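The structure file query.csv is reproduced below (CSV, C-alpha atoms and all ligand atoms).
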chain,number,residue,atom,x,y,z
A,278,GLY,CA,27.1,100.8,132.6
A,279,ALA,CA,30.3,99.9,130.7
A,280,GLN,CA,30.5,101.2,127.1
A,281,HIS,CA,30.4,98.7,124.2
A,282,ILE,CA,32.9,98.8,121.4
A,283,LEU,CA,32.3,97.0,118.2
A,284,VAL,CA,35.4,95.2,117.2
A,285,THR,CA,35.4,93.9,113.6
A,286,GLY,CA,37.8,91.1,113.2
A,287,GLY,CA,37.9,90.6,117.0
A,288,ALA,CA,38.5,86.9,116.5
A,289,GLY,CA,41.8,87.6,114.7
A,290,TYR,CA,45.3,87.9,116.0
A,291,ILE,CA,45.6,91.7,116.8
A,292,GLY,CA,41.8,92.0,117.3
A,293,SER,CA,41.6,89.4,120.0
A,294,HIS,CA,44.6,90.9,121.9
A,295,THR,CA,42.8,94.3,121.7
A,296,CYS,CA,39.6,92.8,123.1
A,297,LYS,CA,41.5,91.7,126.1
A,298,ALA,CA,43.0,95.2,126.5
A,299,LEU,CA,39.6,96.8,126.1
A,300,ALA,CA,38.1,94.6,128.8
A,301,ALA,CA,40.9,95.5,131.1
A,302,ALA,CA,40.2,99.2,130.4
A,303,GLY,CA,36.5,98.7,131.4
A,304,TYR,CA,34.9,98.4,128.0
A,305,ILE,CA,32.8,95.5,126.6
A,306,PRO,CA,34.2,94.4,123.3
A,307,VAL,CA,31.6,93.1,120.9
A,308,THR,CA,33.3,91.0,118.2
A,309,TYR,CA,31.9,91.1,114.7
A,310,ASP,CA,33.7,88.5,112.7
A,311,SER,CA,32.9,86.2,109.7
A,312,LEU,CA,35.3,83.5,111.2
A,313,VAL,CA,36.6,83.1,107.6
A,314,ARG,CA,40.1,83.8,109.0
A,315,GLY,CA,39.3,84.4,112.7
A,316,ASN,CA,39.1,81.8,115.4
A,317,ARG,CA,36.0,81.3,117.6
A,318,TRP,CA,38.3,80.3,120.6
A,319,ALA,CA,40.0,83.7,120.5
A,320,VAL,CA,36.8,85.5,121.5
A,321,LYS,CA,37.0,85.5,125.3
A,322,TRP,CA,36.2,89.0,126.6
A,323,GLY,CA,32.8,89.8,125.2
A,324,PRO,CA,30.1,88.5,122.9
A,325,LEU,CA,30.8,87.1,119.3
A,326,GLU,CA,28.4,88.2,116.6
A,327,GLU,CA,29.0,86.3,113.4
A,328,GLY,CA,28.6,88.3,110.2
A,329,ASP,CA,30.2,89.6,107.0
A,330,LEU,CA,31.3,93.2,106.6
A,331,LEU,CA,29.6,93.4,103.3
A,332,ASP,CA,26.2,92.6,105.0
A,333,GLY,CA,25.1,96.1,106.0
A,334,GLU,CA,21.8,95.0,107.4
A,335,ARG,CA,23.5,92.6,109.8
A,336,LEU,CA,26.0,95.2,110.9
A,337,ARG,CA,23.2,97.7,111.6
A,338,GLU,CA,21.3,95.0,113.6
A,339,VAL,CA,24.3,94.4,115.8
A,340,MET,CA,24.9,98.1,116.3
A,341,ARG,CA,21.3,98.6,117.3
A,342,ALA,CA,21.5,95.6,119.7
A,343,TYR,CA,24.6,97.0,121.6
A,344,GLY,CA,24.7,100.7,121.0
A,345,PRO,CA,28.5,100.8,120.6
A,346,VAL,CA,30.2,104.2,121.3
A,347,GLY,CA,32.8,103.4,118.7
A,348,VAL,CA,34.3,100.8,116.3
A,349,ILE,CA,37.7,99.3,116.1
A,350,HIS,CA,38.0,97.9,112.6
A,351,PHE,CA,40.5,95.0,112.1
A,352,ALA,CA,38.5,92.8,109.7
A,353,ALA,CA,40.5,92.5,106.6
A,354,PHE,CA,42.8,90.2,104.5
A,355,ALA,CA,46.4,90.8,105.2
A,356,TYR,CA,48.7,88.7,103.1
A,357,VAL,CA,51.0,90.6,100.8
A,358,GLY,CA,51.7,87.6,98.6
A,359,GLU,CA,48.0,86.7,98.2
A,360,SER,CA,47.1,90.2,97.3
A,361,MET,CA,49.6,90.1,94.4
A,362,HIS,CA,47.8,87.0,93.0
A,363,ASP,CA,44.2,88.0,93.8
A,364,PRO,CA,43.9,91.8,94.1
A,365,LEU,CA,40.1,91.8,93.7
A,366,LEU,CA,39.8,89.8,96.9
A,367,TYR,CA,41.6,92.6,98.7
A,368,TYR,CA,39.7,95.4,97.1
A,369,ARG,CA,36.4,93.7,97.8
A,370,ASN,CA,37.0,92.6,101.4
A,371,ASN,CA,39.1,95.5,102.6
A,372,VAL,CA,37.9,98.5,100.6
A,373,ALA,CA,34.3,97.6,99.9
A,374,GLY,CA,34.0,96.0,103.3
A,375,THR,CA,35.1,99.2,105.0
A,376,VAL,CA,32.7,101.3,102.9
A,377,SER,CA,29.9,99.0,104.0
A,378,LEU,CA,30.9,99.4,107.6
A,379,LEU,CA,31.0,103.2,107.4
A,380,GLU,CA,27.6,103.3,105.8
A,381,ALA,CA,26.2,101.2,108.7
A,382,MET,CA,28.0,103.5,111.2
A,383,ALA,CA,26.5,106.6,109.5
A,384,ALA,CA,23.0,105.1,109.5
A,385,GLU,CA,23.3,104.2,113.2
A,386,ARG,CA,25.0,107.4,114.2
A,387,VAL,CA,28.2,105.7,115.4
A,388,GLY,CA,30.9,108.4,114.9
A,389,ARG,CA,34.2,107.0,116.2
A,390,LEU,CA,36.5,104.6,114.4
A,391,VAL,CA,40.0,103.2,114.9
A,392,PHE,CA,41.4,101.5,111.8
A,393,SER,CA,44.1,98.9,111.3
A,394,SER,CA,46.4,100.4,108.7
A,395,THR,CA,49.9,99.3,107.9
A,396,CYS,CA,53.5,100.4,107.0
A,397,ALA,CA,52.8,98.7,103.7
A,398,THR,CA,51.1,102.0,102.7
A,399,TYR,CA,54.5,103.6,102.5
A,400,GLY,CA,55.8,101.2,99.8
A,401,VAL,CA,59.6,101.6,99.5
A,402,PRO,CA,60.1,104.6,101.7
A,403,PRO,CA,62.5,107.4,100.8
A,404,GLY,CA,64.4,106.6,104.0
A,405,ASN,CA,64.2,105.0,107.4
A,406,PRO,CA,62.9,105.5,110.1
A,407,ILE,CA,59.5,106.4,108.5
A,408,ARG,CA,57.5,109.4,109.6
A,409,GLU,CA,53.7,109.7,109.1
A,410,ASP,CA,54.1,112.6,106.7
A,411,MET,CA,56.4,110.7,104.3
A,412,PRO,CA,54.8,109.8,100.9
A,413,GLN,CA,52.5,106.8,100.8
A,414,ALA,CA,53.1,104.8,97.6
A,415,PRO,CA,52.2,101.1,98.2
A,416,ILE,CA,53.9,98.5,96.0
A,417,ASN,CA,51.3,95.7,96.5
A,418,PRO,CA,47.5,95.5,96.4
A,419,TYR,CA,47.3,94.8,100.1
A,420,GLY,CA,49.0,98.1,101.0
A,421,GLN,CA,47.1,99.9,98.3
A,422,SER,CA,43.7,98.7,99.7
A,423,LYS,CA,44.7,100.0,103.1
A,424,LEU,CA,45.8,103.4,101.7
A,425,MET,CA,42.5,103.7,99.8
A,426,ILE,CA,40.6,103.1,103.1
A,427,GLU,CA,42.7,105.8,104.8
A,428,GLN,CA,41.6,108.2,102.0
A,429,VAL,CA,37.9,107.2,102.5
A,430,LEU,CA,38.3,107.9,106.2
A,431,LYS,CA,39.8,111.3,105.6
A,432,ASP,CA,37.0,112.3,103.3
A,433,CYS,CA,34.3,111.1,105.8
A,434,ALA,CA,36.1,112.8,108.7
A,435,ALA,CA,36.1,116.0,106.6
A,436,THR,CA,32.3,116.0,106.7
A,437,GLY,CA,32.4,116.3,110.5
A,438,THR,CA,30.4,113.1,111.0
A,439,LEU,CA,33.4,110.8,111.8
A,440,ALA,CA,36.4,110.9,114.1
A,441,ALA,CA,38.9,108.4,112.7
A,442,VAL,CA,42.4,107.2,113.7
A,443,ALA,CA,44.5,105.0,111.4
A,444,LEU,CA,47.1,103.0,113.2
A,445,ARG,CA,49.9,102.0,110.8
A,446,TYR,CA,51.4,98.8,112.2
A,447,PHE,CA,54.8,97.7,111.4
A,448,ASN,CA,55.4,93.9,112.0
A,449,ALA,CA,53.0,92.6,114.6
A,450,ALA,CA,54.5,89.7,116.6
A,451,GLY,CA,54.5,87.9,120.0
A,452,ALA,CA,51.6,86.6,122.0
A,453,ASP,CA,49.6,87.5,125.2
A,454,PRO,CA,52.2,87.3,128.0
A,455,ALA,CA,49.6,85.3,130.1
A,456,GLY,CA,49.3,82.8,127.3
A,457,GLU,CA,45.5,83.1,126.9
A,458,ILE,CA,45.7,83.9,123.1
A,459,GLY,CA,48.3,84.1,120.4
A,460,GLU,CA,49.0,84.0,116.7
A,461,ALA,CA,47.2,81.4,114.6
A,462,HIS,CA,47.1,82.1,110.9
A,463,HIS,CA,46.0,79.5,108.4
A,464,PRO,CA,48.1,79.2,106.4
A,465,GLU,CA,50.9,80.7,108.5
A,466,THR,CA,53.2,82.9,106.3
A,467,HIS,CA,54.8,85.1,109.0
A,468,LEU,CA,58.5,84.9,109.8
A,469,ILE,CA,58.4,84.5,113.6
A,470,PRO,CA,55.9,81.6,113.8
A,471,LEU,CA,57.6,79.9,110.9
A,472,ALA,CA,61.0,80.3,112.6
A,473,LEU,CA,59.6,78.9,115.9
A,474,ALA,CA,57.9,76.0,114.1
A,475,ALA,CA,61.2,75.2,112.3
A,476,ALA,CA,63.0,75.3,115.7
A,477,LYS,CA,60.4,72.9,117.1
A,478,GLY,CA,61.0,70.6,114.2
A,479,GLU,CA,57.4,70.8,113.1
A,480,ALA,CA,57.9,72.7,109.8
A,481,GLU,CA,60.1,72.8,106.8
A,482,PRO,CA,63.4,74.6,107.3
A,483,LEU,CA,62.8,78.3,107.1
A,484,THR,CA,63.4,79.9,103.7
A,485,ILE,CA,65.0,83.4,103.9
A,486,PHE,CA,63.5,85.5,101.2
A,487,GLY,CA,66.6,87.1,99.6
A,488,ASP,CA,70.2,87.2,100.6
A,489,ASP,CA,71.2,90.2,98.6
A,490,GLN,CA,69.1,93.1,99.9
A,491,PRO,CA,70.7,96.5,100.4
A,492,THR,CA,71.0,95.9,104.1
A,493,PRO,CA,74.1,95.2,106.3
A,494,ASP,CA,73.6,91.4,106.3
A,495,GLY,CA,71.7,91.1,103.0
A,496,THR,CA,68.4,90.2,104.6
A,497,CYS,CA,65.2,92.3,104.9
A,498,ILE,CA,64.9,94.6,108.0
A,499,ARG,CA,61.6,95.0,109.8
A,500,ASP,CA,60.4,96.7,112.9
A,501,TYR,CA,58.8,94.0,115.1
A,502,ILE,CA,56.2,95.2,117.5
A,503,HIS,CA,54.6,93.2,120.3
A,504,VAL,CA,50.8,92.6,119.8
A,505,THR,CA,50.2,93.6,123.4
A,506,ASP,CA,51.8,97.0,122.7
A,507,LEU,CA,49.6,97.3,119.6
A,508,ALA,CA,46.5,96.4,121.7
A,509,ASP,CA,47.4,99.2,124.2
A,510,ALA,CA,47.7,101.7,121.3
A,511,HIS,CA,44.1,100.9,120.2
A,512,VAL,CA,42.7,101.6,123.6
A,513,ARG,CA,44.5,105.0,123.6
A,514,ALA,CA,43.4,105.7,120.0
A,515,LEU,CA,39.8,105.0,120.9
A,516,GLY,CA,40.1,107.6,123.7
A,517,HIS,CA,41.6,110.0,121.2
A,518,THR,CA,38.5,109.8,119.0
A,519,ALA,CA,36.3,110.8,122.0
A,520,THR,CA,37.9,114.3,122.1
A,521,ASN,CA,39.4,114.8,118.6
A,522,ALA,CA,37.3,115.2,115.5
A,523,GLY,CA,38.9,114.6,112.1
A,524,PHE,CA,41.4,112.1,110.9
A,525,ALA,CA,44.8,111.2,112.4
A,526,ALA,CA,47.4,108.6,111.6
A,527,PHE,CA,50.1,107.1,113.8
A,528,ASN,CA,53.0,104.7,113.1
A,529,LEU,CA,53.2,101.9,115.6
A,530,GLY,CA,56.7,100.4,115.9
A,531,THR,CA,59.7,100.5,118.1
A,532,GLY,CA,62.0,102.6,116.0
A,533,LYS,CA,64.6,99.8,115.8
A,534,GLY,CA,65.0,97.4,112.9
A,535,ALA,CA,65.8,93.7,113.0
A,536,SER,CA,67.0,91.6,110.1
A,537,ILE,CA,65.9,88.1,109.3
A,538,LEU,CA,69.2,86.8,110.6
A,539,ASP,CA,68.7,88.8,113.8
A,540,ILE,CA,65.3,87.0,114.2
A,541,ILE,CA,66.8,83.6,113.6
A,542,ALA,CA,69.5,84.4,116.2
A,543,ALA,CA,66.9,85.5,118.8
A,544,THR,CA,64.8,82.5,118.1
A,545,GLN,CA,67.8,80.2,118.7
A,546,ARG,CA,68.7,82.1,121.9
A,547,VAL,CA,65.2,82.0,123.3
A,548,THR,CA,64.3,78.4,122.4
A,549,GLY,CA,67.7,76.9,122.9
A,550,ARG,CA,67.2,75.1,119.5
A,551,ARG,CA,68.6,75.5,116.1
A,552,VAL,CA,66.5,77.1,113.4
A,553,PRO,CA,67.2,75.1,110.2
A,554,HIS,CA,67.2,77.6,107.3
A,555,GLY,CA,68.2,78.2,103.7
A,556,TYR,CA,67.9,81.0,101.2
A,557,GLY,CA,65.4,81.5,98.4
A,558,PRO,CA,64.6,84.4,96.0
A,559,PRO,CA,63.2,87.6,97.4
A,560,ARG,CA,59.4,87.8,97.8
A,561,ALA,CA,57.6,90.0,95.3
A,562,GLY,CA,56.2,93.2,96.9
A,563,ASP,CA,58.7,93.2,99.9
A,564,PRO,CA,60.7,96.4,100.5
A,565,ALA,CA,64.2,95.8,101.9
A,566,GLU,CA,63.7,97.9,105.0
A,567,LEU,CA,60.8,99.2,107.0
A,568,VAL,CA,61.4,100.9,110.4
A,569,ALA,CA,59.0,103.2,112.2
A,570,ASP,CA,59.6,106.6,113.7
A,571,PRO,CA,57.0,106.2,116.4
A,572,SER,CA,57.5,109.7,118.0
A,573,ARG,CA,54.0,111.0,117.0
A,574,ALA,CA,52.2,108.2,118.8
A,575,LYS,CA,54.3,108.9,121.9
A,576,ALA,CA,53.7,112.7,121.8
A,577,VAL,CA,49.9,112.5,121.0
A,578,LEU,CA,48.7,109.2,122.5
A,579,GLY,CA,51.4,108.8,125.2
A,580,TRP,CA,52.1,105.4,123.7
A,581,GLU,CA,55.4,103.6,123.8
A,582,ALA,CA,56.5,100.0,123.1
A,583,ARG,CA,57.1,98.2,126.4
A,584,HIS,CA,57.0,94.5,125.4
A,585,SER,CA,58.8,94.7,122.1
A,586,ASP,CA,62.4,93.7,122.7
A,587,LEU,CA,63.1,90.6,120.6
A,588,ASP,CA,63.5,88.3,123.6
A,589,THR,CA,60.0,89.2,124.9
A,590,ILE,CA,58.5,88.8,121.5
A,591,LEU,CA,60.1,85.5,120.9
A,592,SER,CA,59.5,84.1,124.4
A,593,THR,CA,55.8,85.0,124.5
A,594,ALA,CA,55.3,83.5,121.0
A,595,TRP,CA,57.3,80.4,121.9
A,596,ASN,CA,55.3,80.0,125.1
A,597,TRP,CA,52.0,80.2,123.1
A,598,MET,CA,53.3,77.7,120.5
A,599,GLN,CA,54.3,75.3,123.2
A,600,ARG,CA,50.8,75.1,124.7
A,601,ALA,CA,48.9,75.2,121.4
B,701,LIG,N1,60.2,86.2,105.5
B,701,LIG,C1,61.1,85.2,105.1
B,701,LIG,N2,60.7,83.9,105.1
B,701,LIG,C2,59.4,83.5,105.4
B,701,LIG,C3,58.5,84.5,105.8
B,701,LIG,C4,58.9,85.9,105.8
B,701,LIG,O1,62.3,85.5,104.8
B,701,LIG,O2,59.1,82.3,105.3
B,701,LIG,C5,60.6,87.6,105.5
B,701,LIG,C6,59.8,88.5,104.6
B,701,LIG,O3,60.4,88.6,103.3
B,701,LIG,C7,59.9,89.9,105.4
B,701,LIG,C8,60.0,89.4,106.8
B,701,LIG,O4,60.4,88.1,106.8
B,701,LIG,O5,61.2,90.5,105.0
B,701,LIG,C9,58.7,89.6,107.5
B,701,LIG,O6,57.7,88.9,106.8
B,701,LIG,P1,56.3,88.6,107.3
B,701,LIG,O7,55.6,87.8,106.3
B,701,LIG,O8,56.4,88.0,108.7
B,701,LIG,O9,55.6,90.0,107.5
B,701,LIG,P2,55.3,91.2,106.5
B,701,LIG,O10,56.6,92.0,106.5
B,701,LIG,O11,55.0,90.6,105.2
B,701,LIG,O12,54.2,91.9,107.1

Would you give me this structure, written as structure tokens?
Amino acid sequence: GAQHILVTGGAGYIGSHTCKALAAAGYIPVTYDSLVRGNRWAVKWGPLEEGDLLDGERLREVMRAYGPVGVIHFAAFAYVGESMHDPLLYYRNNVAGTVSLLEAMAAERVGRLVFSSTCATYGVPPGNPIREDMPQAPINPYGQSKLMIEQVLKDCAATGTLAAVALRYFNAAGADPAGEIGEAHHPETHLIPLALAAAKGEAEPLTIFGDDQPTPDGTCIRDYIHVTDLADAHVRALGHTATNAGFAAFNLGTGKGASILDIIAATQRVTGRRVPHGYGPPRAGDPAELVADPSRAKAVLGWEARHSDLDTILSTAWNWMQRA
């Protein structure tokens, strides 16, 4: 029969798109989600088991019920700004939650893990594009929580009982090209959904955080990567853990940066509408530029971004927002 994969946070944005990709690859994704930040309607390609990561007994019960061959671990809080104001929320949910998950996996002899990490673990990088072997020095508790988890995974992998892959996402964006699922954060703080909502006339004008960054147009540069490309990388990383012990980390980005003004221009081009916008102060904890060198993911996983040109990102996200 088909293999089950436990997907923590499968009701979230990247998690739900990965469940679709897992199902397409012949797996049965079992979503484990507290629904605190996830959406019930986003769970479409396998069962939903409600539960908290910190509830080890519940985790073990779900593992015993399905016998998953591996875990893809998305469940976490992921707002930089929130983490600056409430760091303990991040250390509890993200770090302690992952330790609880790993304890349950060890107890139930589940030995393969793919983990959602982030470019925020690099902090302000010594240069761009960023390679995986560059120093990791986060500048906010969100990034710090993810780096701590990577360290925990390395230590567990070193005992020989865990094969782990950390995927360091750059800026996830876009929506399922078929329009079945998309981004739906509450509150929404991400640039692209806010720019689209402003274009639609359903939100305040967009505030650009900082006009005096050390970048060519003075606004922050990020590497936007389509969520469907991220989903594909998870399926490949899961395969990697079947045949490779130890710990490995991969950057997932396009290798090309876009400024906030580039995003506004692309939003206007794709929607045919103006994006009302103004400038505000820079956001605490935000580096000026983060662009991936994704060559390791290509060499080892055979992964490459295929849906991540700005027009595809914006048009799939706009399509999703129109029907939602
Ligand atoms: N940003 C902005 N205005 C907003 C939201 C975000 O100028 O209302 C900027 C933010 O400072 C960053 C980029 O857009 O440079 C992407 O931010 P987002 O929150 O989407 O993702 P993050 O980089 O925090 O993961």

Distance in Å - atom CA of Thr285 of chain A versus atom CA of Asp570 of chain A: 27.3 Å

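The environment of Ala342 of chain A within 12 Å, counting all atoms listed in the file and disregarding residues fewer than 5 places along the same chain, consists of His281, Ile282, Leu283, Val307, Pro324, Glu326, Arg335, Leu336, Arg337 and Glu385 of chain A.
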
Interatomic distance (Å, one decimal) between atom CA of Gly557 of chain A and atom CA of Arg499 of chain A: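 For atom CA of Gly557 of chain A relative to atom CA of Arg499 of chain A, the distance reads 18.1 Å.
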
Distance criterion (all atoms listed in the file): nearest to ligand LIG 701 (chain B) out of A:Pro402, A:Pro415, A:Gly358, A:Pro454: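 Closest residue, counting all atoms listed in the file: A:Gly358.
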
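With distances restricted to all atoms listed in the file, A:Pro564 is the closest residue to ligand LIG 701 (chain B) from A:Gly323, A:Gly478, A:Pro564, A:Gly315.
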
Nearest to ligand LIG 701 (chain B) by atom-to-atom distance, counting all atoms listed in the file, from A:Trp597, A:Phe527, A:Tyr556, A:Tyr309: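 Selected residue with least distance to ligand LIG 701 (chain B): A:Tyr556.
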
All residues having an atom within 7 Å of ligand LIG 701 (chain B) (all atoms listed in the file) as a ChimeraX atom specification: /A:356-357,448,466-469,471,483-487,497-499,537,559-560,563,565

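The shortest atom-to-atom distance to Asp488 of chain A, with only C-alpha atoms taken into account, belongs to A:Leu538 out of A:Leu538, A:Leu444, A:Ser293, A:Glu427.
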
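Using all atoms listed in the file for every distance, the candidate list A:Arg317, A:Arg600, A:Lys477, A:Arg583 yields A:Lys477 as the residue closest to Thr548 of chain A.
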
Option closest in space to Lys321 of chain A, from A:Ala279, A:Ala443, A:Ala508, A:Ile458 [counting only C-alpha atoms]: A:Ile458

Interatomic distance, atom CA of Ser377 of chain A to atom CA of Gln280 of chain A (Å, one decimal): 23.2 Å

9 Å contact set for Val391 of chain A, all atoms listed in the file, chain neighbours under 2 positions out, as a PyMOL selection string: chain A and resi 347-351+389+393+440-444+511+514-515+518

Ref. answer, residues at most 10 Å from (43.3, 93.6, 118.9) with only C-alpha atoms, as a PyMOL selection string: chain A and resi 284-299+349-351+393+504-512

Just to be explicit: take each residue in the selection above, keep C-alpha atoms, and write the result as a PDB file, in the coordinates of the input.
ATOM      1  CA  VAL A 284      35.400  95.200 117.200  1.00  0.00           C
ATOM      2  CA  THR A 285      35.400  93.900 113.600  1.00  0.00           C
ATOM      3  CA  GLY A 286      37.800  91.100 113.200  1.00  0.00           C
ATOM      4  CA  GLY A 287      37.900  90.600 117.000  1.00  0.00           C
ATOM      5  CA  ALA A 288      38.500  86.900 116.500  1.00  0.00           C
ATOM      6  CA  GLY A 289      41.800  87.600 114.700  1.00  0.00           C
ATOM      7  CA  TYR A 290      45.300  87.900 116.000  1.00  0.00           C
ATOM      8  CA  ILE A 291      45.600  91.700 116.800  1.00  0.00           C
ATOM      9  CA  GLY A 292      41.800  92.000 117.300  1.00  0.00           C
ATOM     10  CA  SER A 293      41.600  89.400 120.000  1.00  0.00           C
ATOM     11  CA  HIS A 294      44.600  90.900 121.900  1.00  0.00           C
ATOM     12  CA  THR A 295      42.800  94.300 121.700  1.00  0.00           C
ATOM     13  CA  CYS A 296      39.600  92.800 123.100  1.00  0.00           C
ATOM     14  CA  LYS A 297      41.500  91.700 126.100  1.00  0.00           C
ATOM     15  CA  ALA A 298      43.000  95.200 126.500  1.00  0.00           C
ATOM     16  CA  LEU A 299      39.600  96.800 126.100  1.00  0.00           C
ATOM     17  CA  ILE A 349      37.700  99.300 116.100  1.00  0.00           C
ATOM     18  CA  HIS A 350      38.000  97.900 112.600  1.00  0.00           C
ATOM     19  CA  PHE A 351      40.500  95.000 112.100  1.00  0.00           C
ATOM     20  CA  SER A 393      44.100  98.900 111.300  1.00  0.00           C
ATOM     21  CA  VAL A 504      50.800  92.600 119.800  1.00  0.00           C
ATOM     22  CA  THR A 505      50.200  93.600 123.400  1.00  0.00           C
ATOM     23  CA  ASP A 506      51.800  97.000 122.700  1.00  0.00           C
ATOM     24  CA  LEU A 507      49.600  97.300 119.600  1.00  0.00           C
ATOM     25  CA  ALA A 508      46.500  96.400 121.700  1.00  0.00           C
ATOM     26  CA  ASP A 509      47.400  99.200 124.200  1.00  0.00           C
ATOM     27  CA  ALA A 510      47.700 101.700 121.300  1.00  0.00           C
ATOM     28  CA  HIS A 511      44.100 100.900 120.200  1.00  0.00           C
ATOM     29  CA  VAL A 512      42.700 101.600 123.600  1.00  0.00           C
TER      30      VAL A 512
END

Neighbouring residues of Pro364 of chain A were defined as those with any atom within 12 Å, considering all atoms listed in the file; residues of the same chain fewer than 6 positions away were excluded. Please report them as a PDB file with C-alpha atoms, in the coordinates of the input.
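Final output, saved to result-v1.pdb:
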ATOM      1  CA  PHE A 354      42.800  90.200 104.500  1.00  0.00           C
ATOM      2  CA  ALA A 355      46.400  90.800 105.200  1.00  0.00           C
ATOM      3  CA  TYR A 356      48.700  88.700 103.100  1.00  0.00           C
ATOM      4  CA  VAL A 357      51.000  90.600 100.800  1.00  0.00           C
ATOM      5  CA  GLY A 358      51.700  87.600  98.600  1.00  0.00           C
ATOM      6  CA  ASN A 370      37.000  92.600 101.400  1.00  0.00           C
ATOM      7  CA  ASN A 371      39.100  95.500 102.600  1.00  0.00           C
ATOM      8  CA  VAL A 372      37.900  98.500 100.600  1.00  0.00           C
ATOM      9  CA  ASN A 417      51.300  95.700  96.500  1.00  0.00           C
ATOM     10  CA  PRO A 418      47.500  95.500  96.400  1.00  0.00           C
ATOM     11  CA  TYR A 419      47.300  94.800 100.100  1.00  0.00           C
ATOM     12  CA  GLY A 420      49.000  98.100 101.000  1.00  0.00           C
ATOM     13  CA  GLN A 421      47.100  99.900  98.300  1.00  0.00           C
ATOM     14  CA  SER A 422      43.700  98.700  99.700  1.00  0.00           C
TER      15      SER A 422
END

Spatial neighbours of Ala582 of chain A, max dist 12 Å, all atoms listed in the file, sep filter under 3 positions, as a ChimeraX atom specification: /A:449,500-510,528-533,569-572,574-575,579,585-587,589-590

For Ala373 of chain A: contacts at 12 Å, all atoms listed in the file, fewer than 2 positions along chain excluded, given as a list of chain:residue names: A:Asp329, A:Leu330, A:Leu331, A:Asp332, A:Gly333, A:Ala352, A:Ala353, A:Leu365, A:Leu366, A:Tyr367, A:Tyr368, A:Arg369, A:Asn370, A:Asn371, A:Thr375, A:Val376, A:Ser377, A:Leu378, A:Leu379, A:Glu380, A:Ser422, A:Lys423, A:Met425, A:Ile426, A:Val429

Would you fill the gaps in segment 445-455 of chain A so it has N, CA, C and O atoms, then print it as a short mmCIF file (atom, residue, chain, number, x, y, z; two decimals), keeping the file's coordinate frame?
data_model
loop_
_atom_site.label_atom_id
_atom_site.label_comp_id
_atom_site.auth_asym_id
_atom_site.auth_seq_id
_atom_site.Cartn_x
_atom_site.Cartn_y
_atom_site.Cartn_z
N ARG A 445 49.11 102.70 111.81
CA ARG A 445 49.90 102.00 110.80
C ARG A 445 50.91 101.10 111.50
O ARG A 445 51.98 101.53 111.98
N TYR A 446 50.53 99.81 111.56
CA TYR A 446 51.40 98.80 112.20
C TYR A 446 52.59 98.51 111.41
O TYR A 446 52.50 98.35 110.19
N PHE A 447 53.68 98.29 112.09
CA PHE A 447 54.80 97.70 111.40
C PHE A 447 54.67 96.18 111.59
O PHE A 447 53.61 95.69 111.25
N ASN A 448 55.63 95.38 112.05
CA ASN A 448 55.40 93.90 112.00
C ASN A 448 54.91 93.40 113.36
O ASN A 448 55.68 93.22 114.30
N ALA A 449 53.61 93.13 113.42
CA ALA A 449 53.00 92.60 114.60
C ALA A 449 53.60 91.22 114.95
O ALA A 449 53.77 90.39 114.05
N ALA A 450 53.91 90.99 116.23
CA ALA A 450 54.50 89.70 116.60
C ALA A 450 54.33 89.47 118.09
O ALA A 450 53.85 90.34 118.82
N GLY A 451 54.65 88.24 118.54
CA GLY A 451 54.50 87.90 120.00
C GLY A 451 53.11 87.43 120.28
O GLY A 451 52.23 87.33 119.41
N ALA A 452 52.89 87.14 121.55
CA ALA A 452 51.60 86.60 122.00
C ALA A 452 51.34 87.17 123.41
O ALA A 452 52.25 87.62 124.11
N ASP A 453 50.07 87.10 123.81
CA ASP A 453 49.60 87.50 125.20
C ASP A 453 50.60 86.91 126.20
O ASP A 453 50.80 85.70 126.24
N PRO A 454 51.21 87.76 127.04
CA PRO A 454 52.20 87.30 128.00
C PRO A 454 51.55 86.24 129.00
O PRO A 454 52.25 85.36 129.50
N ALA A 455 50.23 86.32 129.23
CA ALA A 455 49.60 85.30 130.10
C ALA A 455 49.25 84.05 129.36
O ALA A 455 48.77 83.09 129.97
#
